[in-house]
Structures are given as C-alpha cells and as structure tokens.
Amino acid sequence: MWDVAIIGGGPAGSTCGSILKRYAPGKRVLILEREKFPREHVGESQLPPINQILVEMGVWDKIEAANFPIKVGATYRWGNTNDLWDFELFPASEFRDEPRPAKFEGQRTKTAFQVDRAVYDQILLDHAKELGCEVREETRVVEVLHSGDRVDGLRLDGGEIVEARHYVDASGGSGIIRRTMGVELDEPGGLKNIAIWDYWQNAEWAISIGVGGTRVQVMSLGYGWLWFIPIGPTRSSLGLVVPAEYYKKSGMKPKEIYEKAIREDPLVRSLIENATPEGQMRTTKDWNFVAKRMSGENWMLAGESAGFADPILAAGMTLAHAGAREAAYTILALDRGSHPAEWLKEQYRENQASRIYQHIRFANFWYHANGCFTDLKAYTSEIARDAGLELDPNEAFQWLGTGGFVFEKVFNGLAGFPLGAVKDIVELFLQKEASLKSAEFNYFTMNLEGAQREKYALYGNGRVEAQERLVRDGKTLPFSGMYYVLAQIISQNGGIDYIVGAMVHAILERGVAKDPDAAMEFGMPYLESMVRDGWVTGEYIEGGPTLEYDLPRFASSIHVNRDMPVPSA
Ligand SMILES: Cc1cc2nc3c(=O)[nH]c(=O)nc-3n(C[C@H](O)[C@H](O)[C@H](O)COP(=O)(O)OP(=O)(O)OC[C@H]3O[C@@H](n4cnc5c(N)ncnc54)[C@H](O)[C@@H]3O)c2cc1C
C-alpha cells in the first residue's frame with residue numbers, strides 16, 4: 001500500500017512527487033509513467049513563476065545546469081499593425097552578461113526558461129526519484145479500479161494492481177482517472193485550434209541577449225500563428241496554430257500548411273534558412289477545457305488532466321507546476337487532518353478553475369483582438385460572441401476581470417500579468433486608451449455590503465494556512481497585504497490626498513519600495529483593482545484635492561521592437 005500513487009511523470013507528476021517528499025520524506029510515493037524517458041513533449045516556453053516552484057522542489061540549479069536558453073521576453077506580430085512588439089520579462093538592454101550556470105538571484109529571478117521537454121521532464125523525474133519517489137517508467141496504467149467515487153487500485157499493463165491511500169491523475173491529456181470517474185468538462189467555446197510542429201537543428205536565434213538569453217517569437221499570419229522557440233543551443237521548436245475548422249477547409253495536409261506558413265513569414269523563414277528540420281511532424285488539437293470536478297474521495301487531478309487554456313499565453317506549464325504543488329500541499333494537509341477535507345479539496349478546485357478560466361478569457365481576448373488574422377474575421381468574431389466580449393477598451397478591460405482583478409487571492413492583475421500590463425495590452429490591441437476608474441474620483445469609501453467572510457487556503461512551507469477574506473459576486477478581498485493596508489486607510493479617511501500619503505508611508509515603512517514614486521507605482525494598482533472589483537466606491541467632490549496618475553506604464557516592458565532587423569517579405 002503506497003501513500004500516494006501518481007499517474008504520469010510529466011512536470012505535474014514530478015512536481016507533486018517532489019513536493020510531497022520534500023516536506024514528508026517518510027511518505028511512500030509512486031510515480032507511474034508509460035513512456036521511457038527522455039520522451040518528446042510540446043510546451044517549451046515557460047513563465048517566471050515556475051522558478052520559485054523549481055527552487056522549492058530543490059531542482060532550479062539542475063535545470064540551470066542544463067543550459068536551456070533563458071527567456072528574457074517574447075516578440076510578437078499580433079494586434080492591429082504588422083509592427084513587431086516586445087514583451088520583456090527583463091529589459092534586454094539591462095541584461096548583464098553573466099556566466100552560466102548562474103544562481104537564482106538578481107536578473108535571473110525575473111526571467112524564465114525555454115526548455116527542451118525531453119531533457120527538462122527527465123531532470124524533474126530523476127529529481128523526484130532522488131528525493132525518494134519510486135519511479136516506474138514504461139509502466140502504463142490501463143485501468144482505474146473503483147467503487148463509486150473511490151479509487152480502489154490501478155491496473156498496470158503487466159497485470160499488477162497498485163493500491164494507495166491517495167491517487168493523483170497527472171496523466172496530461174489522457175486524464176485517465178478523470179475519464180474513469182466520468183468527470184464532465186467545460187469547454188468554454190472559442191478556441192478550437194490545431195497545432196502542427198517540428199524541431200529544427202541549427203536555426204538562428206532572432207536575438208541573443210547576454211549569455212544564453214533570447215526572446216521567443218510569436219508571429220501572426222492571416223490564418224494562424226507561428227511559434228519559434230529555441231530550446232537548446234542548437235535545437236528550436238517551430239510550430240503553427242490554426243483554427244481546426246480553417247485547417248479542415250483548407251484541404252491541406254499538416255506538412256503542406258506548415259511549410260506554407262513558414263514560407264509566408266519572412267522573419268521565421270530567415271531564422272531557418274540554414275537549419276534542418278528533424279522531419280517528424282507532430283500535431284495535436286482540442287486542448288481547451290476545464291474539468292468540472294478536480295477531486296473525489298481519494299483522488300485528485302493535477303496539471304493538464306484538470307484543464308488547459310491555449311499555447312498563446314505560454315502558461316500551461318506554469319499552471320501544471322502550480323497546480324501540482326497545491327495538490328501535494330492538499331494531500332499533506334489531508335493526512336495531517338489540519339483542515340476539513342471538503343474545504344481543502346474545494347480550495348484546490350477553486351484555485352485551478354479560476355486560474356484556467358482566467359487564462360481562457362485572456363486567450364480569447366488575444367485571438368479576438370488580433371487584427372492580423374485577416375482570413376479569420378468570422379472566427380474571431382465568433383469567439384467574441386461566445387465570450388460576450390466587447391471591442392471597447394474599457395469594456396474589454398473590465399470583462400477580462402470578470403473573475404476579479406484580485407487574482408490568485410493576493411496577486412493584483414490577471415493571468416500572471418500585473419494590472420498595468422493588462423491595461424497596456426488592451427490598449428495595444430485595441431489601439432485606444434482604456435481609462436482608469438480610480439482616477440475619475442477624489443473621495444473613496446469602502447463598500448463591504450453583502451460580502452461574506454470566509455477562509456481561503458494559502459500554501460507555503462509545506463503547510464496550508466486558512467486566511468480570512470471577503471467574497472461577493474465571485475470577487476474576493478483578502479484580509480492581508482496591500483488590500484488590508486488600503487482598506488484600513490480608506491476607512492479612516494477617503495480623501496485621495498490622505499490615501500496617497502498614508503499608503504506611500506506604509507509602503508516605505510515596510511521596505512517594499514525605495515522611494516515615494518516607486519511606492520505610488522506599487523500601491524495605486526491595488527486601489528484601482530479594489531475600485532474595479534467594487535470593494536471601494538469612488539465619488540468626485542467638487543473643489544476637493546485631485547490626483548492625476550496612471551498605472552505604472554509598462555512602456556519599458558511592452559514596446560515596439562527596436563533591436564531586431566526584420567527581413568522584408
Ligand atoms: C500546442 C501546445 C503548445 C503548448 N505550448 C506551451 C508553452 O509554450 N508553454 C507552456 O508552459 N505550456 C505549453 N503547453 C502546455 C503544456 O504542454 C502542458 O501544460 C504540460 O505539458 C502539462 O504537464 P502535465 O505534467 O500535466 O502533462 P504531460 O506533460 O502531458 O505529462 C503527462 C504524462 O503522463 C503520462 N501518461 C499518460 N497516460 C498515462 C498512463 N495511462 N499511464 C502512465 N502514464 C501515463 C504521459 O506519458 C506523460 O509523460 C502547450 C500545449 C499545447 C497543446
């Protein structure tokens with residue numbers, strides 16, 4: 001009898017296993033993986049929040065030692081012009097040359113990796129083994145034995161039956177427990193895409209930044225988009241995403257439409273001019289869903305088996321690592337009996353679902369707002385219709401925050417983007433300014449009417465802590481961090497001059513910002529989120545002090561590309 005049996009040795013399975021062993025070395029954890037690693041897998045471009053999880057797992061140094069390209073940002077052709085623009089995780093012009101392998105500090109805390117999944121997934125799985133998980137490769141789970149909602153055991157392809165107290169389905173798109181338990185899926189419309197990709201040897205990088213740094217390339221065509229992701233010193237991933245419907249109607253074979261797309265994109269074409277394709281074309285489709293249940297009596301879904309949004313946001317692995325970490329924390333807390341089981345499981349579901357829905361909403365917006373999709377007007381307006389998305393930037397901005405701008409309970413923004421970046425993206429795509437709600441007023445009042453107090457789960461140091469928050473209409477307000485500080489200040493005196501003075505003082509006192517300007521930049525997005533989510537009501541008092549401000553401009557992180565020569569068509 002194992003304590004935990006995990007199906008799948010991808011990032012979700014290894015993360016769950018490593019976190020379990022890190023905090024409870026005595027637990028008997030089994031990971032069952034049908035393939036022999038290394039095995040190829042799509043999904044190579046990461047986001048910075050993964051770093052912290054790799055550090056917690058104790059594997060960041062091993063990943064860094066593998067010499068994956070450092071993702072310093074992304075360059076896009078997307079939006080209303082054909083001009084390239086960059087999203088910089090760290091300003092390329094300030095990125096210092098630094099020998100590798102480097103430590104997880106300084107500039108490297110802001111960047112991400114572009115990983116060759118064959119190598120990356122193997123490092124993670126070996127690490128889980130090193131921490132004490134039993135890993136069985138080439139071992140397929142062929143049947144989930146169950147009575148009602150309870151898993152009784154897993155039948156392996158050799159006939160053996162494995163039993164455990166907890167089961168984690170980290171089997172990716174297979175979702176073997178999810179399917180066995182008949183978990184319904186929500187497929188919130190819009191994104192029905194197909195991806196076709198191959199790997200290339202010796203392609204040029206579009207840009208080299210410092211030692212080993214670059215930007216991934218996301219290039220729109222009239223009917224889809226190409227990703228170009230260097231994943232090693234000589235290996236790059238190059239893929240095409242098109243609506244499945246468009247692909248079907250085109251009558252082309254995957255190879256034909258893939259080659260046509262590359263021929264039609266001058267930048268990508270120039271990068272692979274002297275490169276060789278590995279020649280094993282791969283395809284996948286229908287990845288857009290959210291599982292309606294994420295746990296049962298003794299099982300949980302983790303990673304992609306629980307749901308996925310779309311590759312455009314490069315967030316799949318971030319969701320998988322973050323979710324699998326929380327699955328491990330939930331199992332640890334269930335075993336400790338520290339909180340009611342139903343609450344722990346519901347918190348787990350709520351976290352995964354709100355993240356995935358938020359990403360799907362954001363991805364819908366990216367597709368809908370892309371004027372470069374000249375052949376896909378009908379398709380993108382269908383997305384807009386399904387989503388109820390308006391084109392007006394103010395409405396679009398508010399619609400993106402349907403699930404609340406107080407995202408991830410403490411993070412202020414959407415789908416991993418800070419609030420100011422979300423506003424910049426809306427303005428960039430819709431070519432019109434979105435206004436700030438908080439800047440329209442000079443007097444503010446807390447509005448907590450009808451809100452319910454409840455506890456939410458915070459995951460840290462191997463434990464689940466129950467923290468207080470308010471909820472109303474699907475929006476939340478935590479009793480912690482800047483939200484708590486601002487709520488107290490506004491309750492004392494709602495004048496904007498008082499709020500700003502007290503807020504700046506509080507931020508400087510806590511050492512979160514170095515000077516008053518930085519403190520304003522840090523604090524004001526919180527006020528804007530609280531106003532947008534309805535926790536604070538504003539009014540304009542004639543003759544009262546006013547304040548002109550904008551959210552911190554992300555001009556330094558989102559801007560027209562200025563360092564890449566663009567080949568002409
Ligand atoms: C076209 C496309 C592009 C993407 N691009 C990106 C990107 O740029 N960045 C990003 O972060 N994410 C991206 N993703 C998402 C990313 O690939 C996934 O989010 C990630 O792989 C999920 O990890 P996982 O561990 O949940 O599942 P997986 O990585 O799929 O791992 C599941 C494992 O389970 C094993 N398994 C399955 N069934 C069984 C069984 N019955 N028995 C035993 N083992 C089993 C499989 O062999 C596999 O190793 C992309 C996805 C798609 C579809």
# chains A, B, ... in the order shown; residues from 1 in each chain; ligands from 1
>>> residues_around(residues="Ala164 (chain A)", least_positions_apart="2", cutoff="6 Å", atoms="only C-alpha atoms", output="list in words")
Met1, Trp2, Asp3, Val4, Ala5 and His166 of chain A
>>> select_by_dssp(residues="region 62-248 of chain A", states="strand (DSSP E or B)", output="number ranges by chain")
A: 70-77, 85-88, 112-114, 134-136, 141-147, 150-156, 161-162, 164-169, 185-186, 193-201, 209, 213-220, 225-230, 235-243
>>> residues_around(residues="region 69-77 of chain A", least_positions_apart="2", cutoff="7 Å", atoms="only C-alpha atoms", output="NGL selection string")
:A and (67 or 79 or 82-90 or 92 or 111-114 or 212-220 or 230-232)
>>> residues_around(residues="Val119 (chain A)", least_positions_apart="5", cutoff="12 Å", atoms="only C-alpha atoms", output="short mmCIF file (atom, residue, chain, number, x, y, z; two decimals) with all heavy atoms, in the first residue's frame")
data_model
loop_
_atom_site.label_atom_id
_atom_site.label_comp_id
_atom_site.auth_asym_id
_atom_site.auth_seq_id
_atom_site.Cartn_x
_atom_site.Cartn_y
_atom_site.Cartn_z
N GLY A 10 5.20 13.57 -16.11
CA GLY A 10 5.47 14.89 -16.69
C GLY A 10 5.70 15.91 -15.58
O GLY A 10 5.84 15.54 -14.41
N PRO A 11 5.75 17.20 -15.92
CA PRO A 11 6.02 18.22 -14.90
C PRO A 11 5.05 18.17 -13.72
O PRO A 11 5.46 18.35 -12.57
CB PRO A 11 5.85 19.54 -15.67
CG PRO A 11 6.07 19.19 -17.10
CD PRO A 11 5.63 17.77 -17.27
N PHE A 37 11.70 7.62 -20.50
CA PHE A 37 12.27 8.96 -20.67
C PHE A 37 13.71 8.84 -21.14
O PHE A 37 14.37 7.87 -20.77
CB PHE A 37 12.21 9.72 -19.34
CG PHE A 37 10.88 10.39 -19.09
CD1 PHE A 37 9.69 9.88 -19.62
CD2 PHE A 37 10.79 11.53 -18.31
CE1 PHE A 37 8.46 10.48 -19.38
CE2 PHE A 37 9.57 12.15 -18.07
CZ PHE A 37 8.41 11.63 -18.59
N PRO A 38 14.24 9.79 -21.90
CA PRO A 38 13.60 11.02 -22.37
C PRO A 38 12.55 10.75 -23.45
O PRO A 38 12.74 9.90 -24.29
CB PRO A 38 14.77 11.83 -22.94
CG PRO A 38 15.78 10.81 -23.36
CD PRO A 38 15.63 9.66 -22.41
N ARG A 39 11.45 11.53 -23.36
CA ARG A 39 10.44 11.46 -24.42
C ARG A 39 10.07 12.90 -24.80
O ARG A 39 10.13 13.80 -23.97
CB ARG A 39 9.21 10.67 -23.96
CG ARG A 39 8.49 11.20 -22.70
CD ARG A 39 7.32 12.08 -23.05
NE ARG A 39 6.58 12.58 -21.89
CZ ARG A 39 6.87 13.68 -21.23
NH1 ARG A 39 7.96 14.37 -21.54
NH2 ARG A 39 6.12 14.11 -20.25
N GLU A 40 9.72 13.09 -26.05
CA GLU A 40 9.41 14.43 -26.54
C GLU A 40 8.06 14.90 -25.98
O GLU A 40 7.17 14.08 -25.75
CB GLU A 40 9.32 14.45 -28.07
CG GLU A 40 10.58 14.03 -28.78
CD GLU A 40 11.67 15.10 -28.76
OE1 GLU A 40 11.44 16.19 -28.21
OE2 GLU A 40 12.77 14.81 -29.28
N HIS A 41 7.91 16.20 -25.83
CA HIS A 41 6.61 16.75 -25.44
C HIS A 41 6.55 18.21 -25.87
O HIS A 41 7.54 18.93 -25.76
CB HIS A 41 6.41 16.66 -23.92
CG HIS A 41 4.97 16.70 -23.51
ND1 HIS A 41 4.17 17.79 -23.73
CD2 HIS A 41 4.19 15.78 -22.91
CE1 HIS A 41 2.95 17.54 -23.28
NE2 HIS A 41 2.94 16.31 -22.77
N GLU A 44 7.11 24.43 -24.49
CA GLU A 44 8.51 24.66 -24.14
C GLU A 44 8.81 26.03 -23.54
O GLU A 44 9.85 26.23 -22.95
CB GLU A 44 9.35 24.50 -25.42
CG GLU A 44 9.35 23.08 -25.95
CD GLU A 44 8.60 22.92 -27.26
OE1 GLU A 44 7.91 23.88 -27.68
OE2 GLU A 44 8.69 21.84 -27.85
N LYS A 62 19.76 22.35 -11.06
CA LYS A 62 19.92 21.28 -12.07
C LYS A 62 19.35 21.74 -13.41
O LYS A 62 19.91 21.44 -14.47
CB LYS A 62 19.17 20.02 -11.63
CG LYS A 62 19.77 19.32 -10.43
CD LYS A 62 18.99 18.04 -10.14
CE LYS A 62 19.40 17.45 -8.81
NZ LYS A 62 18.52 16.36 -8.39
N ILE A 63 18.25 22.44 -13.36
CA ILE A 63 17.65 22.94 -14.61
C ILE A 63 18.58 23.97 -15.25
O ILE A 63 18.84 23.94 -16.45
CB ILE A 63 16.25 23.56 -14.34
CG1 ILE A 63 15.29 22.51 -13.76
CG2 ILE A 63 15.67 24.21 -15.59
CD1 ILE A 63 14.89 21.41 -14.69
N GLU A 64 19.12 24.85 -14.42
CA GLU A 64 20.03 25.88 -14.94
C GLU A 64 21.28 25.22 -15.55
O GLU A 64 21.78 25.65 -16.57
CB GLU A 64 20.39 26.85 -13.80
CG GLU A 64 21.55 27.79 -14.07
CD GLU A 64 21.31 28.81 -15.19
OE1 GLU A 64 20.21 28.84 -15.75
OE2 GLU A 64 22.26 29.56 -15.51
N ALA A 65 21.74 24.15 -14.91
CA ALA A 65 22.95 23.48 -15.40
C ALA A 65 22.73 22.84 -16.77
O ALA A 65 23.68 22.54 -17.49
CB ALA A 65 23.41 22.43 -14.39
N ALA A 66 21.47 22.63 -17.15
CA ALA A 66 21.18 22.01 -18.46
C ALA A 66 21.35 22.99 -19.60
O ALA A 66 21.23 22.61 -20.77
CB ALA A 66 19.77 21.43 -18.46
N ASN A 67 21.60 24.27 -19.27
CA ASN A 67 21.94 25.26 -20.30
C ASN A 67 20.80 25.55 -21.28
O ASN A 67 21.03 25.80 -22.46
CB ASN A 67 23.19 24.79 -21.06
CG ASN A 67 23.89 25.94 -21.76
OD1 ASN A 67 23.75 27.09 -21.33
ND2 ASN A 67 24.61 25.64 -22.83
N PHE A 68 19.56 25.50 -20.79
CA PHE A 68 18.44 25.89 -21.65
C PHE A 68 18.54 27.38 -21.94
O PHE A 68 19.00 28.15 -21.08
CB PHE A 68 17.09 25.65 -20.93
CG PHE A 68 16.81 24.20 -20.64
CD1 PHE A 68 16.62 23.77 -19.34
CD2 PHE A 68 16.73 23.28 -21.68
CE1 PHE A 68 16.35 22.44 -19.06
CE2 PHE A 68 16.46 21.94 -21.41
CZ PHE A 68 16.27 21.52 -20.10
N GLN A 114 13.40 28.42 -21.61
CA GLN A 114 12.79 27.80 -22.80
C GLN A 114 13.34 26.39 -22.85
O GLN A 114 14.55 26.21 -23.09
CB GLN A 114 13.18 28.58 -24.05
CG GLN A 114 12.63 29.99 -24.01
CD GLN A 114 13.25 30.91 -25.03
OE1 GLN A 114 13.16 32.12 -24.87
NE2 GLN A 114 13.87 30.39 -26.07
N LEU A 124 13.42 16.56 -14.08
CA LEU A 124 12.43 16.63 -12.99
C LEU A 124 12.09 15.24 -12.45
O LEU A 124 11.99 15.04 -11.23
CB LEU A 124 11.14 17.29 -13.48
CG LEU A 124 11.19 18.77 -13.86
CD1 LEU A 124 9.78 19.28 -14.16
CD2 LEU A 124 11.80 19.62 -12.76
N LEU A 125 11.94 14.28 -13.36
CA LEU A 125 11.57 12.93 -12.92
C LEU A 125 12.72 12.30 -12.13
O LEU A 125 12.50 11.68 -11.08
CB LEU A 125 11.19 12.07 -14.14
CG LEU A 125 10.46 10.76 -13.83
CD1 LEU A 125 9.17 11.00 -13.07
CD2 LEU A 125 10.17 9.98 -15.12
N ASP A 126 13.96 12.48 -12.62
CA ASP A 126 15.12 11.95 -11.89
C ASP A 126 15.22 12.60 -10.51
O ASP A 126 15.59 11.96 -9.53
CB ASP A 126 16.42 12.22 -12.67
CG ASP A 126 16.52 11.33 -13.91
OD1 ASP A 126 15.70 10.40 -14.04
OD2 ASP A 126 17.40 11.60 -14.76
N ILE A 231 15.21 25.93 -27.88
CA ILE A 231 15.08 25.15 -26.64
C ILE A 231 16.40 24.54 -26.21
O ILE A 231 16.45 23.78 -25.25
CB ILE A 231 13.99 24.05 -26.78
CG1 ILE A 231 14.27 23.16 -28.00
CG2 ILE A 231 12.60 24.68 -26.90
CD1 ILE A 231 13.33 21.95 -28.11
N GLY A 232 17.45 24.87 -26.95
CA GLY A 232 18.79 24.40 -26.60
C GLY A 232 19.74 25.18 -27.48
O GLY A 232 19.30 25.90 -28.38
N ARG A 235 18.94 23.53 -30.91
CA ARG A 235 17.63 22.95 -31.24
C ARG A 235 16.52 23.98 -31.00
O ARG A 235 16.53 24.67 -29.97
CB ARG A 235 17.40 21.72 -30.37
CG ARG A 235 16.26 20.85 -30.84
CD ARG A 235 16.18 19.57 -30.01
NE ARG A 235 15.30 18.61 -30.69
CZ ARG A 235 14.39 17.87 -30.08
NH1 ARG A 235 14.24 17.96 -28.77
NH2 ARG A 235 13.62 17.05 -30.76
#
>>> select_by_dssp(residues="region 131-229 of chain A", states="helix (DSSP H, G or I)", output="count of residues only")
8
>>> residues_around(residues="Phe104 (chain A)", least_positions_apart="2", cutoff="10 Å", atoms="only C-alpha atoms", output="ChimeraX atom specification")
/A:51-52,55,60-61,64,101-102,106-111
>>> write_last_selection(atoms="all heavy atoms", output="tab-separated table (two decimals), in the first residue's frame")
chain	number	residue	atom	x	y	z
A	51	ASN	N	9.93	29.45	-11.66
A	51	ASN	CA	11.23	29.46	-10.96
A	51	ASN	C	11.10	29.14	-9.48
A	51	ASN	O	11.82	28.31	-8.94
A	51	ASN	CB	11.89	30.84	-11.07
A	51	ASN	CG	12.40	31.12	-12.48
A	51	ASN	OD1	12.81	30.20	-13.17
A	51	ASN	ND2	12.34	32.37	-12.89
A	52	GLN	N	10.17	29.85	-8.86
A	52	GLN	CA	10.03	29.72	-7.41
A	52	GLN	C	9.64	28.29	-7.03
A	52	GLN	O	10.07	27.77	-6.00
A	52	GLN	CB	8.96	30.72	-6.93
A	52	GLN	CG	9.14	31.19	-5.51
A	52	GLN	CD	10.51	31.82	-5.23
A	52	GLN	OE1	10.89	32.78	-5.88
A	52	GLN	NE2	11.24	31.24	-4.28
A	55	VAL	N	12.66	26.15	-7.30
A	55	VAL	CA	13.51	26.37	-6.12
A	55	VAL	C	12.95	25.58	-4.94
A	55	VAL	O	13.69	24.88	-4.24
A	55	VAL	CB	13.57	27.89	-5.78
A	55	VAL	CG1	14.23	28.12	-4.42
A	55	VAL	CG2	14.32	28.65	-6.88
A	60	TRP	N	16.15	23.89	-9.14
A	60	TRP	CA	16.46	25.01	-10.04
A	60	TRP	C	17.89	24.91	-10.57
A	60	TRP	O	18.13	25.10	-11.76
A	60	TRP	CB	16.25	26.35	-9.34
A	60	TRP	CG	16.16	27.52	-10.31
A	60	TRP	CD1	15.05	28.02	-10.89
A	60	TRP	CD2	17.27	28.30	-10.81
A	60	TRP	NE1	15.37	29.07	-11.74
A	60	TRP	CE2	16.73	29.26	-11.71
A	60	TRP	CE3	18.65	28.30	-10.61
A	60	TRP	CZ2	17.51	30.21	-12.38
A	60	TRP	CZ3	19.44	29.24	-11.29
A	60	TRP	CH2	18.86	30.18	-12.16
A	61	ASP	N	18.85	24.59	-9.69
A	61	ASP	CA	20.25	24.53	-10.13
A	61	ASP	C	20.47	23.46	-11.20
A	61	ASP	O	21.26	23.65	-12.12
A	61	ASP	CB	21.18	24.27	-8.93
A	61	ASP	CG	21.30	25.51	-8.04
A	61	ASP	OD1	21.06	26.63	-8.55
A	61	ASP	OD2	21.60	25.35	-6.84
A	64	GLU	N	19.12	24.85	-14.42
A	64	GLU	CA	20.03	25.88	-14.94
A	64	GLU	C	21.28	25.22	-15.55
A	64	GLU	O	21.78	25.65	-16.57
A	64	GLU	CB	20.39	26.85	-13.80
A	64	GLU	CG	21.55	27.79	-14.07
A	64	GLU	CD	21.31	28.81	-15.19
A	64	GLU	OE1	20.21	28.84	-15.75
A	64	GLU	OE2	22.26	29.56	-15.51
A	101	PRO	N	26.53	28.03	-15.51
A	101	PRO	CA	25.28	28.17	-14.77
A	101	PRO	C	25.36	29.29	-13.73
A	101	PRO	O	26.38	29.48	-13.10
A	101	PRO	CB	25.11	26.81	-14.08
A	101	PRO	CG	26.45	26.15	-14.09
A	101	PRO	CD	27.20	26.73	-15.24
A	102	ALA	N	24.23	29.99	-13.59
A	102	ALA	CA	24.16	31.11	-12.64
A	102	ALA	C	23.29	30.70	-11.46
A	102	ALA	O	22.65	29.66	-11.47
A	102	ALA	CB	23.57	32.33	-13.34
A	106	GLY	N	19.15	38.01	-8.54
A	106	GLY	CA	19.28	39.16	-9.43
A	106	GLY	C	18.37	39.04	-10.65
A	106	GLY	O	17.20	38.68	-10.55
A	107	GLN	N	18.97	39.32	-11.82
A	107	GLN	CA	18.18	39.35	-13.06
A	107	GLN	C	17.51	38.00	-13.35
A	107	GLN	O	16.45	37.94	-13.97
A	107	GLN	CB	19.05	39.78	-14.24
A	107	GLN	CG	20.24	38.89	-14.51
A	107	GLN	CD	21.19	39.49	-15.55
A	107	GLN	OE1	21.09	40.65	-15.89
A	107	GLN	NE2	22.11	38.69	-16.06
A	108	ARG	N	18.12	36.92	-12.85
A	108	ARG	CA	17.57	35.60	-13.19
A	108	ARG	C	16.27	35.29	-12.45
A	108	ARG	O	15.58	34.34	-12.79
A	108	ARG	CB	18.63	34.52	-12.93
A	108	ARG	CG	19.84	34.64	-13.85
A	108	ARG	CD	19.45	34.56	-15.32
A	108	ARG	NE	18.72	33.37	-15.62
A	108	ARG	CZ	19.28	32.15	-15.77
A	108	ARG	NH1	20.60	32.03	-15.69
A	108	ARG	NH2	18.56	31.09	-16.03
A	109	THR	N	15.93	36.06	-11.44
A	109	THR	CA	14.64	35.81	-10.78
A	109	THR	C	13.49	36.33	-11.65
A	109	THR	O	12.34	35.99	-11.43
A	109	THR	CB	14.55	36.49	-9.40
A	109	THR	OG1	14.72	37.90	-9.58
A	109	THR	CG2	15.62	35.98	-8.46
A	110	LYS	N	13.83	37.18	-12.63
A	110	LYS	CA	12.78	37.79	-13.47
A	110	LYS	C	12.58	37.06	-14.79
A	110	LYS	O	11.61	37.29	-15.48
A	110	LYS	CB	13.17	39.25	-13.81
A	110	LYS	CG	13.51	40.11	-12.62
A	110	LYS	CD	12.24	40.67	-12.01
A	110	LYS	CE	12.52	41.79	-11.05
A	110	LYS	NZ	12.51	41.36	-9.66
A	111	THR	N	13.55	36.22	-15.16
A	111	THR	CA	13.48	35.57	-16.47
A	111	THR	C	12.85	34.18	-16.34
A	111	THR	O	12.47	33.77	-15.25
A	111	THR	CB	14.90	35.42	-17.06
A	111	THR	OG1	15.67	34.62	-16.16
A	111	THR	CG2	15.56	36.78	-17.23
>>> residues_around(residues="Arg325 (chain A)", least_positions_apart="2", cutoff="8 Å", atoms="only C-alpha atoms", output="VMD selection string")
chain A and resid 12 15 to 16 19 53 321 to 323 327 to 329
>>> write_last_selection(atoms="N, CA, C and O atoms", output="short mmCIF file (atom, residue, chain, number, x, y, z; two decimals), in the first residue's frame")
data_model
loop_
_atom_site.label_atom_id
_atom_site.label_comp_id
_atom_site.auth_asym_id
_atom_site.auth_seq_id
_atom_site.Cartn_x
_atom_site.Cartn_y
_atom_site.Cartn_z
N ALA A 12 3.77 17.88 -13.98
CA ALA A 12 2.82 17.85 -12.87
C ALA A 12 3.13 16.68 -11.93
O ALA A 12 3.18 16.85 -10.70
N THR A 15 6.44 17.29 -10.04
CA THR A 15 6.31 18.37 -9.05
C THR A 15 5.56 17.86 -7.83
O THR A 15 5.97 18.07 -6.68
N CYS A 16 4.46 17.17 -8.07
CA CYS A 16 3.67 16.66 -6.95
C CYS A 16 4.52 15.71 -6.10
O CYS A 16 4.58 15.84 -4.87
N ILE A 19 7.41 17.64 -4.16
CA ILE A 19 6.94 18.48 -3.05
C ILE A 19 6.49 17.57 -1.88
O ILE A 19 6.77 17.86 -0.71
N ILE A 53 8.86 27.66 -7.90
CA ILE A 53 8.44 26.28 -7.60
C ILE A 53 9.63 25.33 -7.80
O ILE A 53 9.85 24.41 -7.01
N HIS A 321 2.71 23.20 -12.97
CA HIS A 321 3.59 23.20 -11.80
C HIS A 321 2.84 23.74 -10.57
O HIS A 321 2.92 23.18 -9.48
N ALA A 322 2.13 24.86 -10.77
CA ALA A 322 1.45 25.50 -9.63
C ALA A 322 0.36 24.58 -9.08
O ALA A 322 0.22 24.40 -7.86
N GLY A 323 -0.41 23.96 -9.98
CA GLY A 323 -1.50 23.09 -9.55
C GLY A 323 -0.98 21.85 -8.85
O GLY A 323 -1.50 21.44 -7.81
N ALA A 327 -1.66 20.40 -5.21
CA ALA A 327 -2.19 19.05 -4.99
C ALA A 327 -1.38 18.37 -3.88
O ALA A 327 -1.94 17.75 -2.96
N ALA A 328 -0.05 18.53 -3.94
CA ALA A 328 0.81 17.92 -2.92
C ALA A 328 0.51 18.53 -1.54
O ALA A 328 0.37 17.81 -0.54
N TYR A 329 0.39 19.86 -1.49
CA TYR A 329 0.08 20.52 -0.22
C TYR A 329 -1.26 20.02 0.33
O TYR A 329 -1.43 19.82 1.53
#
>>> closest_residue(among="A:Gly132, A:Gly190, A:Gly296, A:Gly239", to="Glu382 (chain A)", atoms="only C-alpha atoms")
A:Gly190
